[in-house]
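A.B. asks: Mind having a look at this structure? Questions to follow.
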2 protein chains.
Amino acid sequence: MVSNPAEANIVLSEVEFDVVGKRPIRPDGVDKVTGRAQYGADINLAGLLHGKVLRSPHAHARIKSIDTSKAEAHPGVRAVVTAKDLPFSSLSKDELGSDYMRLKFASNHVLAGDKVLFKGHPLAAVSANNPHVAEEAINLISVEYELLPPVLDVLDAMKDDAPLLHDDLHTASLGETSEKPSNVAAHLIYETGDTEKGFAAADVVVEREFRTAAVHQGYIEPHNGTAFWNVDGQLSVWTSTQGAFAVRSSVSDVLRLPVSKVKVTPMEIGGGFGGKITAYLDAIAALLSKKSGAPVKLVMSRTDVFEASGPAPATWMKVKVGATKDGKFTAVQANLAFEAGAYPGSPVMQGMLCAFGCYDVANGFLEGYDVVVNKPKTAAYRAPGSPQATFAVESVVDEVADQLGIDPIEIRLLNAAKEGTRRIEGPIANRIGLVECLEAARNHPHYKSSMGSSNRGRGVACGYWMNRSFPSSVSMTVNYDGIVSLIMGSVDIGGTRASIAQQAAETLGIAYEEIKPTVVDTDSIGYTFITGGSRTCFATGWAAIEAAEEVKSLMVARAARIWDTPEDNVEYASGVIQHKSDPELRMTFKELSRQLATTGGAITGSSNVEPTGEGNGYAVHLVDVETDLETGKTSIVRFTAIQDAGKAVHPSYVEGQMQGGAVQGIGWALNEEYFFNDKGQMMNSSFLDYRMPTSLDLPMIDTVIVEVANPGHPYGVRGVGEAAIVPPMAAIANAIKGSAGVRMNSLPMTPGKVLDAISGEGK
Amino acid sequence: MVSNPAEANIVLSEVEFDVVGKRPIRPDGVDKVTGRAQYGADINLAGLLHGKVLRSPHAHARIKSIDTSKAEAHPGVRAVVTAKDLPFSSLSKDELGSDYMRLKFASNHVLAGDKVLFKGHPLAAVSANNPHVAEEAINLISVEYELLPPVLDVLDAMKDDAPLLHDDLHTASLGETSEKPSNVAAHLIYETGDTEKGFAAADVVVEREFRTAAVHQGYIEPHNGTAFWNVDGQLSVWTSTQGAFAVRSSVSDVLRLPVSKVKVTPMEIGGGFGGKITAYLDAIAALLSKKSGAPVKLVMSRTDVFEASGPAPATWMKVKVGATKDGKFTAVQANLAFEAGAYPGSPVMQGMLCAFGCYDVANGFLEGYDVVVNKPKTAAYRAPGSPQATFAVESVVDEVADQLGIDPIEIRLLNAAKEGTRRIEGPIANRIGLVECLEAARNHPHYKSSMGSSNRGRGVACGYWMNRSFPSSVSMTVNYDGIVSLIMGSVDIGGTRASIAQQAAETLGIAYEEIKPTVVDTDSIGYTFITGGSRTCFATGWAAIEAAEEVKSLMVARAARIWDTPEDNVEYASGVIQHKSDPELRMTFKELSRQLATTGGAITGSSNVEPTGEGNGYAVHLVDVETDLETGKTSIVRFTAIQDAGKAVHPSYVEGQMQGGAVQGIGWALNEEYFFNDKGQMMNSSFLDYRMPTSLDLPMIDTVIVEVANPGHPYGVRGVGEAAIVPPMAAIANAIKGSAGVRMNSLPMTPGKVLDAISGEGK
């Protein structure tokens, strides 16, 4: 895909920058296009062993016994591990106290303990001299199961008589814990105003139920993990992850090691989208390494990735919106039940926070259920929780507009969240750009164009993601040739090196090419949260700015020493160091750099930040679809993605995020779903059967970057990765209403479901 | 060798430390004893090619032509390079200006240009899919030579009619440049007082000439270098070196790249002793990589190491000492001519500075000549220049004592340099520990013991090395478990990680085990000078102290924020952070570390330092030898090494340095020498023929660490690596005077030479 001309973008920030906002080449580009970049599977250490994981064929069963003796006896096998090798197996409930349940779930997720809870659940692992022997050996492990009925649907799982996944899981609800064990891990409520009164005051109330399927992030690179547990107790891990420090935390947690005993080197990452945060293989590789006395590498197959890494949850949702006849919302409500998978922790809370994130509502009620089922534990997937909730909310909002005969953009503008809007869960919005995005949509040629064919429909929807901060660390050192080496803890997804280098260069007043960024391991830099949550460009960028400010003051101090003048008589502006009282005395950054060697050595600035001031992200999507009324197949005819990036540090990469998010959303909308049989076995665990959109399925995704500077960041950065995946499902559903005359309430909107809806509506 | 009990050491520093001065286990120990440590030859990159270097069989010849066509045509060969591939070959004298000669020498040393100047001089190199093909291919390169007479001796080379190595080398002498080209690259003079008058006032004057042979550092690990020149112009180098930044400088210099285009990753190092500073292979590997489009590894054979890396120079020296009859020196003089090898740059200046470094002399004259000969370019070797000069000076001092009937320790004490002594070259000594070392020697049971057999003799000598500073950088980050990750640019030789971690821990008031040190690449840390010159424990230690001080103040600031009190109301002492006005409010380092995650993230302290305050190092050695008067063979019977370490940060490693230095000195004294035939071909280029002492040749080397704190360093550190190699040659020569009745004036003092001396003396 080629991004559309920058001229189409709408720049509302008033400051013009030298480097921020430009489109330089990414430092990691050459390595990636020439195949030189080192991914986790490329690791080849001296004496490297290969591991394989034995996975459960059943979705729900008690493990009666595991016999590994034949595998252990197999020549070429170096070690076999099971849950018994995890520290949890030898720790008592008393020892662990309040930490018991958390560690039990974390440990059992790595290697099943008493039960298997989803097909693909790891049971045991083998290390061997080569992967073929390892594969052979895992087939020699015999497991005796007591089969249990699988719980495969969120509503079924919530029933009183549902089989329980965990005998000891009780519902945490509004500060209380249920007496009876349950599959409902958590019950959450947020509310504001008086919803009952609000609905009573409405002229129109629409209430609908929705379902969405589990979907996978579909990153190209499967999970991998290589570990070497040295005899001195130091554990080294090389892995594909969105956060080296996150892997360090979870590996040290289940292995009961101090974090500093674990060094994680993040390899290049072939896609993550939230799914490369959980550490599936690393602790297993570590256990195998400890037993084998050698490094061990594990790599998932595609089927492993589908069955045993974390998809976005399937959900059941009910949404209710009341409005006056001029379109003003009087009350809103959403009841969300999200499948967590085998262990608690769906993004239902984020779904609740995002459901009405686009709206200024006085009366709102949000209820959420986090529910365990016999499916793989869900993971983050781009704006976790928001796409599902937004599919429901934006479908209902569209229907309200429909019923009231109001333009769908107008009704959204009428109710749009803006600076000062108080959210249902409490916080007040800072300066945000939803109104500007909606106006850009209304004014866009796409919205004004005629649709042509009669089987076509146009849909619009907006989407919200809060964007996050969390800690980041950056260190920068000035080389004697004036080039600044920058090390950071943020792994590079989609241009991190570039966007951080841009902010560093901007702050120093030097060229982008004069910053040399490197992603380093957990021993070489301060704690840095994951690359995700649309936080990296914001928070790690901030860290780079702070480190650059330290470099500037050290450069000033050095110049002052050289010129034998007080530091406050030297100023730094636009990459030039200037003596304030002698205009002749000035040095460019490069000139002073060349003098560092003989005046005290290099200069290093370091920073660790956890900035507040995150700026919320908003996207508005326009889509034209054509539905074949004979087959029910819907095609995307035209798609325009509009988004407030705050300041777009690297517009090409922002456009890439917008296009990628839209395409993933189109997949959720029309094709993608985990399809399980009644035994809980996924029946489409390959890219052949799990259908993701390809370029042949898609038109060009037009993008419009709206820049409403985030006042909480020096360059106005908000973060752009998440909001783009939020609107497509509702936008497409709303378009299908136009093209096929039916309102779809279940994802994906496959030809079959659309045909059913058409016939159900009597067409 | 087992080190002697610490009780024998003499501690004169008054401060007791918690971590500094203890003997913890080295962090890199396990990897090194289990074979896991990664050395340069262990590198295995995807698509790695192997290179071989074609070396000159002649010591002196003009290159008429090099025909590489057959090698290029060989299947499996990926690239062939010669000097034509170096940027120097296409730069004119005008373009380079004053830099011309320097770059010519540097480039020609990497790959011979118009002439070969020593046997082993690199001429061309080949990359191929495996080392065997590369080996085969270099034999297909045909070189036409015009043979020239080799110049193999320093005095011959200085003769007016000597064949010239370089037509364009002129002598730099006292600010002037000679008109006539010469093999003498430099002529240096330092003087103080009135030497003529001083000698006139002497009751006894001894003047002797000396010779020493070229000797090799003998590190176990041969030189290696792997390079990958990426298509984006970034060059990565992995190599065995004492200084990653030194390799970066020299590679970028001969390849005419900005330093930041080159990233050097220092691998573990299997010994250096000064010989692993020059980058012999890295630029060749880079050129081959550029031409091949793949990474290329080069590894030297042991013969390559002997013939083409840098030994310590052979020398000619004349030393004259005058003294009154009560032993006070009235004047001293040394004339030193050092072989530089094929290109200028012997350590003759350091030899001059060290010659009388042990003495307080009012009248002194030092003259030095740096002379090129057709031998490999010399390199640094442990206290470069000092062992040779000291052999001469300490032999003459001993003879003066002998003639005057004064005890050899007494005459040294009488003339010893001490705080306030003005050196011949100018500087005034700070607090130094030579007197304390001499007193320790005089009081040592060894000196008081009877020697037993009549063929035994006892010798004493002292030695001096100035110790150096230069820039160092350290960054430290506090993990949430209270462990501090420390990254540094100093490669680890002989315990660098440990000694730097100790100083960091001491400063922070935490345990040694709570510091996790890592040596990183040149992109990840600020410029750091080589590990050498006995600077690392001093200067990088200083950097660690400064970075730790920054960590302390950031920890105070964090605690102040947590306690909501001004920073100056919080103090940091012995690893505890204390609220000054509320004794209840206190946190250990670890307790506060655990709170970092929720109070703003990690804490990082960085420093770049170039401290002044180096403290000079002194050693005094006592040796008993037994000489077999039939064969001339001298055996070491007892050896005691005494040295002022300032503060011994890790006494075991200090003792290791003292023992290692003594053993290398014993090798210089008795066995080791480059033996050339008259064509300039080294005839003993293997460890079988180049005889280094083994444990079978040696008694236990007793050590006495004397601790006279260096007032110029926070913990009193001086540096200990160099001084230990300085005294042995003279001490053994002086002992041979006792055992065989002859004064030896040529190293090594082989059985043959000793027999010759005995017969020459008429015994």
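By convention here, the chains of the structure tokens are called A, B, ... in the order presented, each chain's residues are numbered starting at 1, and ligands are numbered starting at 1 in the order presented.
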As a list in words, could you give me every residue of chain B near chain A (at most 7 Å apart, counting only C-alpha atoms)?
C.D. replies: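 Every residue meeting the condition is included here: Val30, Asp232, Pro258, Val259, Ser260, Pro471, Thr477, Asn479, Asp481, Ile483, Ser485, Ile487, Asp523, Ser524, Ile525, Gly526, Tyr527, Gly600, Gly601, Ala602, Ile603, Thr604, Ser606, Ser607, Asn608, Val609 and Glu610 of chain B.
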A.B. asks: When you look at Asn616 in chain B with a cut-off of 7 Å (counting only C-alpha atoms), what residues show up, excluding the ones that are within fewer than 5 positions of it in the same chain? I need them as a ChimeraX atom specification.
C.D. replies: /B:432,465-467,718
A.B. asks: Write out the residues from the selection above, keeping all heavy atoms, as a compact mmCIF listing (two decimals), in the first residue's frame.
C.D. replies:
```txt
# COMPACT_ATOMS: atom_id res chain seq x y z
N ILE B 432 53.90 8.82 47.11
CA ILE B 432 54.20 7.56 46.44
C ILE B 432 54.79 6.58 47.45
O ILE B 432 55.18 6.99 48.54
CB ILE B 432 55.19 7.75 45.26
CG1 ILE B 432 56.42 8.54 45.70
CG2 ILE B 432 54.49 8.43 44.09
CD1 ILE B 432 57.47 8.72 44.62
N TRP B 465 56.25 2.60 37.14
CA TRP B 465 55.36 2.94 36.02
C TRP B 465 54.48 4.07 36.49
O TRP B 465 53.99 4.07 37.61
CB TRP B 465 54.54 1.74 35.57
CG TRP B 465 53.60 2.07 34.43
CD1 TRP B 465 52.24 2.19 34.51
CD2 TRP B 465 53.96 2.37 33.09
NE1 TRP B 465 51.73 2.53 33.29
CE2 TRP B 465 52.76 2.66 32.39
CE3 TRP B 465 55.18 2.45 32.40
CZ2 TRP B 465 52.73 2.99 31.03
CZ3 TRP B 465 55.15 2.78 31.04
CH2 TRP B 465 53.95 3.04 30.37
N MET B 466 54.28 5.06 35.62
CA MET B 466 53.59 6.28 36.06
C MET B 466 52.12 6.04 36.39
O MET B 466 51.56 6.69 37.23
CB MET B 466 53.77 7.39 35.02
CG MET B 466 53.45 7.05 33.58
SD MET B 466 54.67 5.92 32.82
CE MET B 466 55.74 7.01 31.92
N ASN B 467 51.51 5.04 35.74
CA ASN B 467 50.06 4.82 35.78
C ASN B 467 49.34 5.98 35.08
O ASN B 467 49.78 7.11 35.14
CB ASN B 467 49.51 4.61 37.19
CG ASN B 467 50.05 3.34 37.83
OD1 ASN B 467 50.39 2.39 37.14
ND2 ASN B 467 50.14 3.34 39.16
N ARG B 718 45.74 3.15 42.77
CA ARG B 718 46.82 3.57 41.86
C ARG B 718 46.73 2.87 40.51
O ARG B 718 46.88 3.47 39.47
CB ARG B 718 48.19 3.25 42.46
CG ARG B 718 48.54 4.08 43.66
CD ARG B 718 49.96 3.83 44.14
NE ARG B 718 50.15 4.56 45.39
CZ ARG B 718 50.53 5.84 45.45
NH1 ARG B 718 50.80 6.50 44.34
NH2 ARG B 718 50.65 6.45 46.60
```
A.B. asks: Identify all residues of range 354-489 of chain B in alpha helix (DSSP H) (DSSP on the backbone) and supply them as a PyMOL selection string.
C.D. replies: chain B and resi 354-355+386-404+408-415+434-443+445-448
A.B. asks: For Ala709 in chain A, which residue among A:Gly274, A:Gly680, A:Gly660, A:Gly617 is the nearest when counting only C-alpha atoms?
C.D. replies: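 Of all the options, A:Gly617 lies closest to Ala709 in chain A.
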A.B. asks: Would you please work out which residue, of B:Ala283, B:Val623, B:Val81, B:Ala59, is nearest to Gln681 in chain B when using only C-alpha atoms?
C.D. replies: B:Ala59
A.B. asks: With only C-alpha atoms as the basis for distance, which of A:Glu367, A:Asp644, A:Glu209, A:Glu410 is at the shortest distance from Val393 in chain A?
C.D. replies: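 Answer, going by the shortest atom-to-atom distance: A:Glu209.
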A.B. asks: Give me, as a PDB file with N, CA and C atoms, in the first residue's frame, all polymer residues having an atom no more than 9 Å from range 299-303 of chain B, counting only C-alpha atoms and skipping those fewer than 3 positions away in the same chain.
C.D. replies:
```pdb
ATOM      1  N   GLY B  40      36.427 -13.951  20.326  1.00  0.00           N
ATOM      2  CA  GLY B  40      36.247 -13.541  18.936  1.00  0.00           C
ATOM      3  C   GLY B  40      36.125 -14.701  17.970  1.00  0.00           C
ATOM      4  N   ALA B  41      36.889 -15.745  18.196  1.00  0.00           N
ATOM      5  CA  ALA B  41      36.867 -16.872  17.259  1.00  0.00           C
ATOM      6  C   ALA B  41      35.571 -17.672  17.374  1.00  0.00           C
ATOM      7  N   HIS B  50      34.927 -16.823   5.701  1.00  0.00           N
ATOM      8  CA  HIS B  50      36.209 -16.927   6.389  1.00  0.00           C
ATOM      9  C   HIS B  50      37.300 -16.317   5.525  1.00  0.00           C
ATOM     10  N   GLY B  51      38.180 -15.587   6.171  1.00  0.00           N
ATOM     11  CA  GLY B  51      39.226 -14.911   5.426  1.00  0.00           C
ATOM     12  C   GLY B  51      40.600 -15.428   5.791  1.00  0.00           C
ATOM     13  N   LYS B  52      41.523 -15.256   4.862  1.00  0.00           N
ATOM     14  CA  LYS B  52      42.934 -15.541   5.132  1.00  0.00           C
ATOM     15  C   LYS B  52      43.761 -14.409   4.550  1.00  0.00           C
ATOM     16  N   VAL B  53      44.896 -14.181   5.191  1.00  0.00           N
ATOM     17  CA  VAL B  53      45.760 -13.078   4.790  1.00  0.00           C
ATOM     18  C   VAL B  53      47.020 -13.638   4.149  1.00  0.00           C
ATOM     19  N   GLY B 120      55.943 -11.375   7.191  1.00  0.00           N
ATOM     20  CA  GLY B 120      54.617 -11.471   7.794  1.00  0.00           C
ATOM     21  C   GLY B 120      53.738 -10.276   7.474  1.00  0.00           C
ATOM     22  N   GLU B 221      45.221 -16.206  23.448  1.00  0.00           N
ATOM     23  CA  GLU B 221      44.246 -16.076  22.356  1.00  0.00           C
ATOM     24  C   GLU B 221      44.833 -15.283  21.193  1.00  0.00           C
ATOM     25  N   PRO B 222      44.940 -15.896  20.011  1.00  0.00           N
ATOM     26  CA  PRO B 222      45.447 -15.139  18.867  1.00  0.00           C
ATOM     27  C   PRO B 222      44.490 -14.005  18.482  1.00  0.00           C
ATOM     28  N   HIS B 223      45.033 -13.052  17.743  1.00  0.00           N
ATOM     29  CA  HIS B 223      44.193 -11.962  17.234  1.00  0.00           C
ATOM     30  C   HIS B 223      43.112 -12.513  16.317  1.00  0.00           C
ATOM     31  N   ASN B 224      41.960 -11.859  16.365  1.00  0.00           N
ATOM     32  CA  ASN B 224      40.873 -12.219  15.468  1.00  0.00           C
ATOM     33  C   ASN B 224      40.071 -10.965  15.179  1.00  0.00           C
ATOM     34  N   GLY B 225      39.306 -11.002  14.141  1.00  0.00           N
ATOM     35  CA  GLY B 225      38.471  -9.850  13.812  1.00  0.00           C
ATOM     36  C   GLY B 225      37.399 -10.289  12.843  1.00  0.00           C
ATOM     37  N   THR B 226      36.172  -9.959  13.172  1.00  0.00           N
ATOM     38  CA  THR B 226      35.056 -10.262  12.288  1.00  0.00           C
ATOM     39  C   THR B 226      34.358  -8.952  11.978  1.00  0.00           C
ATOM     40  N   LEU B 281      43.557  -6.938  12.114  1.00  0.00           N
ATOM     41  CA  LEU B 281      42.722  -7.685  11.160  1.00  0.00           C
ATOM     42  C   LEU B 281      41.396  -7.011  10.844  1.00  0.00           C
ATOM     43  N   PHE B 306      53.166 -14.124  16.159  1.00  0.00           N
ATOM     44  CA  PHE B 306      54.576 -13.782  16.397  1.00  0.00           C
ATOM     45  C   PHE B 306      55.112 -12.850  15.309  1.00  0.00           C
ATOM     46  N   GLU B 307      54.821 -13.204  14.065  1.00  0.00           N
ATOM     47  CA  GLU B 307      55.470 -12.486  12.958  1.00  0.00           C
ATOM     48  C   GLU B 307      54.823 -11.154  12.624  1.00  0.00           C
ATOM     49  N   ALA B 308      53.554 -11.013  12.942  1.00  0.00           N
ATOM     50  CA  ALA B 308      52.852  -9.842  12.403  1.00  0.00           C
ATOM     51  C   ALA B 308      52.087  -9.039  13.429  1.00  0.00           C
ATOM     52  N   ASN B 684      61.838 -18.755  15.360  1.00  0.00           N
ATOM     53  CA  ASN B 684      61.236 -19.462  16.500  1.00  0.00           C
ATOM     54  C   ASN B 684      59.791 -19.010  16.748  1.00  0.00           C
ATOM     55  N   SER B 685      59.005 -18.994  15.666  1.00  0.00           N
ATOM     56  CA  SER B 685      57.658 -18.436  15.770  1.00  0.00           C
ATOM     57  C   SER B 685      56.618 -19.464  16.209  1.00  0.00           C
ATOM     58  N   SER B 686      56.927 -20.205  17.237  1.00  0.00           N
ATOM     59  CA  SER B 686      55.932 -21.093  17.839  1.00  0.00           C
ATOM     60  C   SER B 686      56.221 -21.144  19.330  1.00  0.00           C
ATOM     61  N   PHE B 687      55.225 -21.554  20.098  1.00  0.00           N
ATOM     62  CA  PHE B 687      55.444 -21.637  21.544  1.00  0.00           C
ATOM     63  C   PHE B 687      56.411 -22.767  21.911  1.00  0.00           C
TER      64      PHE B 687
END
```
A.B. asks: Just want the 12 Å neighbourhood of range 132-134 of chain A, counted on only C-alpha atoms, with same-chain residues fewer than 5 positions away dropped. Output as a list of chain:residue names.
C.D. replies: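 Non-adjacent residues within range: A:Leu49, A:His50, A:Gly51, A:Lys52, A:Val53, A:Leu54, A:Ala71, A:Glu72, A:His74, A:Pro75, A:Gly76, A:Val77, A:Arg78, A:Ala79, A:Val80, A:Ala124, A:Ala125, A:Val126, A:Ser127, A:Asn139, A:Leu140, A:Ile141, A:Leu288, A:Val296, A:Lys297, A:Leu298, A:Val299.
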A.B. asks: Given the selection you just returned, output its residues as a file containing N, CA and C atoms, formatted as a short mmCIF file (atom, residue, chain, number, x, y, z; two decimals), in the first residue's frame.
C.D. replies:
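Contents of the output file result-v3.cif:
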```cif
data_model
loop_
_atom_site.label_atom_id
_atom_site.label_comp_id
_atom_site.auth_asym_id
_atom_site.auth_seq_id
_atom_site.Cartn_x
_atom_site.Cartn_y
_atom_site.Cartn_z
N LEU A 49 20.48 -26.41 21.95
CA LEU A 49 19.54 -27.51 21.85
C LEU A 49 18.20 -26.98 21.36
N HIS A 50 17.40 -27.91 20.86
CA HIS A 50 16.08 -27.53 20.35
C HIS A 50 15.01 -28.17 21.19
N GLY A 51 13.99 -27.41 21.47
CA GLY A 51 12.92 -27.93 22.32
C GLY A 51 11.61 -28.03 21.59
N LYS A 52 10.76 -28.92 22.08
CA LYS A 52 9.38 -29.00 21.59
C LYS A 52 8.47 -29.13 22.79
N VAL A 53 7.24 -28.65 22.62
CA VAL A 53 6.28 -28.64 23.70
C VAL A 53 5.18 -29.65 23.40
N LEU A 54 4.85 -30.48 24.38
CA LEU A 54 3.69 -31.37 24.26
C LEU A 54 2.47 -30.58 24.72
N ALA A 71 10.37 -40.86 27.00
CA ALA A 71 11.00 -39.70 26.36
C ALA A 71 12.40 -39.48 26.93
N GLU A 72 12.48 -39.60 28.25
CA GLU A 72 13.78 -39.39 28.90
C GLU A 72 14.81 -40.41 28.43
N HIS A 74 14.95 -41.74 25.53
CA HIS A 74 15.22 -41.63 24.10
C HIS A 74 16.62 -41.06 23.87
N PRO A 75 17.43 -41.74 23.05
CA PRO A 75 18.77 -41.18 22.81
C PRO A 75 18.63 -39.85 22.08
N GLY A 76 19.41 -38.90 22.45
CA GLY A 76 19.31 -37.58 21.83
C GLY A 76 18.48 -36.62 22.65
N VAL A 77 17.68 -37.13 23.58
CA VAL A 77 16.91 -36.25 24.45
C VAL A 77 17.82 -35.77 25.57
N ARG A 78 17.77 -34.48 25.84
CA ARG A 78 18.65 -33.93 26.88
C ARG A 78 17.89 -33.63 28.17
N ALA A 79 16.63 -33.29 28.05
CA ALA A 79 15.86 -33.03 29.27
C ALA A 79 14.39 -33.07 28.94
N VAL A 80 13.59 -33.41 29.95
CA VAL A 80 12.13 -33.35 29.85
C VAL A 80 11.65 -32.56 31.05
N ALA A 124 4.19 -30.54 28.83
CA ALA A 124 5.56 -31.01 29.04
C ALA A 124 6.39 -30.48 27.89
N ALA A 125 7.69 -30.51 28.06
CA ALA A 125 8.58 -30.08 26.98
C ALA A 125 9.86 -30.89 27.02
N VAL A 126 10.48 -30.98 25.88
CA VAL A 126 11.66 -31.82 25.71
C VAL A 126 12.75 -30.99 25.04
N SER A 127 14.00 -31.16 25.48
CA SER A 127 15.11 -30.59 24.71
C SER A 127 15.93 -31.73 24.13
N ASN A 139 6.19 -37.25 21.55
CA ASN A 139 5.18 -38.27 21.27
C ASN A 139 5.35 -39.52 22.13
N LEU A 140 6.48 -39.60 22.83
CA LEU A 140 6.70 -40.75 23.72
C LEU A 140 6.20 -40.46 25.14
N ILE A 141 5.75 -39.26 25.36
CA ILE A 141 5.22 -38.92 26.69
C ILE A 141 3.77 -39.37 26.74
N LEU A 288 14.21 -26.06 30.63
CA LEU A 288 14.92 -27.06 29.81
C LEU A 288 16.42 -26.80 29.82
N VAL A 296 18.68 -23.58 25.08
CA VAL A 296 17.58 -24.29 24.41
C VAL A 296 16.70 -23.29 23.69
N LYS A 297 16.36 -23.64 22.46
CA LYS A 297 15.48 -22.77 21.66
C LYS A 297 14.13 -23.44 21.42
N LEU A 298 13.08 -22.68 21.59
CA LEU A 298 11.72 -23.15 21.28
C LEU A 298 11.11 -22.20 20.26
N VAL A 299 10.44 -22.76 19.28
CA VAL A 299 9.74 -21.95 18.29
C VAL A 299 8.35 -22.56 18.08
#
```
A.B. asks: Kindly give the distance, in Å, that separates CA of Pro408 in chain B and CA of Ala619 in chain B, rounded to a single decimal.
C.D. replies: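 We find that CA of Pro408 in chain B and CA of Ala619 in chain B lie 14.9 Å from each other.
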A.B. asks: Could you pull out the strand (DSSP E) residues of range 456-532 of chain B from DSSP and send them as a list of chain:residue names?
C.D. replies: B:Arg456, B:Gly457, B:Arg458, B:Gly459, B:Val460, B:Ala461, B:Cys462, B:Gly463, B:Tyr464, B:Trp465, B:Ser472, B:Ser473, B:Val474, B:Ser475, B:Met476, B:Thr477, B:Val478, B:Val484, B:Ser485, B:Leu486, B:Ile487, B:Met488, B:Ile515, B:Lys516, B:Pro517, B:Thr518, B:Val519
A.B. asks: As a PyMOL selection string, please: the residues near Asp253 in chain A (cut-off 9 Å, only C-alpha atoms, same-chain neighbours under 6 positions excluded).
C.D. replies: chain A and resi 103+106-107+259
A.B. asks: Grab the residues selected above and save them as a JSON list (two decimals), in the first residue's frame with all heavy atoms.
C.D. replies:
```json
[["chain", "number", "residue", "atom", "x", "y", "z"],
["A", 103, "LEU", "N", 0.04, -16.75, 41.20],
["A", 103, "LEU", "CA", 1.18, -17.56, 40.78],
["A", 103, "LEU", "C", 0.71, -18.91, 40.23],
["A", 103, "LEU", "O", 1.31, -19.44, 39.29],
["A", 103, "LEU", "CB", 2.16, -17.77, 41.94],
["A", 103, "LEU", "CG", 3.43, -18.52, 41.51],
["A", 103, "LEU", "CD1", 4.25, -17.69, 40.53],
["A", 103, "LEU", "CD2", 4.28, -18.90, 42.71],
["A", 106, "ALA", "N", -0.40, -18.20, 36.70],
["A", 106, "ALA", "CA", 0.76, -17.90, 35.85],
["A", 106, "ALA", "C", 1.57, -19.17, 35.57],
["A", 106, "ALA", "O", 1.98, -19.43, 34.43],
["A", 106, "ALA", "CB", 1.65, -16.83, 36.51],
["A", 107, "SER", "N", 1.76, -19.99, 36.61],
["A", 107, "SER", "CA", 2.56, -21.21, 36.45],
["A", 107, "SER", "C", 1.83, -22.24, 35.62],
["A", 107, "SER", "O", 2.40, -22.84, 34.69],
["A", 107, "SER", "CB", 2.91, -21.78, 37.84],
["A", 107, "SER", "OG", 3.66, -20.85, 38.58],
["A", 259, "VAL", "N", 14.47, -10.31, 39.62],
["A", 259, "VAL", "CA", 14.48, -9.87, 38.20],
["A", 259, "VAL", "C", 15.89, -9.73, 37.65],
["A", 259, "VAL", "O", 16.14, -9.99, 36.47],
["A", 259, "VAL", "CB", 13.69, -8.56, 37.97],
["A", 259, "VAL", "CG1", 12.20, -8.78, 38.12],
["A", 259, "VAL", "CG2", 14.17, -7.42, 38.86]]
```
A.B. asks: Leaving out Phe88 in chain A and any residue of its chain fewer than 2 positions from it, which residues lie within 8 Å of it when counting only C-alpha atoms, given as a ChimeraX atom specification?
C.D. replies: /A:86,90-92,103-104,107,254
A.B. asks: Tell me which protein, DNA and RNA residues are within 12 Å of Met658 in chain B, counting only C-alpha atoms, leaving out same-chain ones fewer than 6 positions away, and put them as a VMD selection string.
C.D. replies: chain B and resid 1 3 to 4 382 494 617 to 621 639 to 645 648 651 to 652 664 to 665 700 to 706 719 to 728
A.B. asks: Given only C-alpha atoms as the basis, pick out the residue of A:Val397, A:Leu155, A:Ile510, A:Met267 nearest to Ala573 in chain A.
C.D. replies: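 Of the candidates, the smallest distance to Ala573 in chain A is held by A:Ile510.
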A.B. asks: If I take CA of Ala279 in chain B and CA of Arg26 in chain B, how far is one from the other in Å, to one decimal?
C.D. replies: 27.6 Å
A.B. asks: For CA of Ser593 in chain A and CA of Ala285 in chain B, quote the distance in Å rounded to one decimal.
C.D. replies: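 Between CA of Ser593 in chain A and CA of Ala285 in chain B the gap is 28.7 Å.
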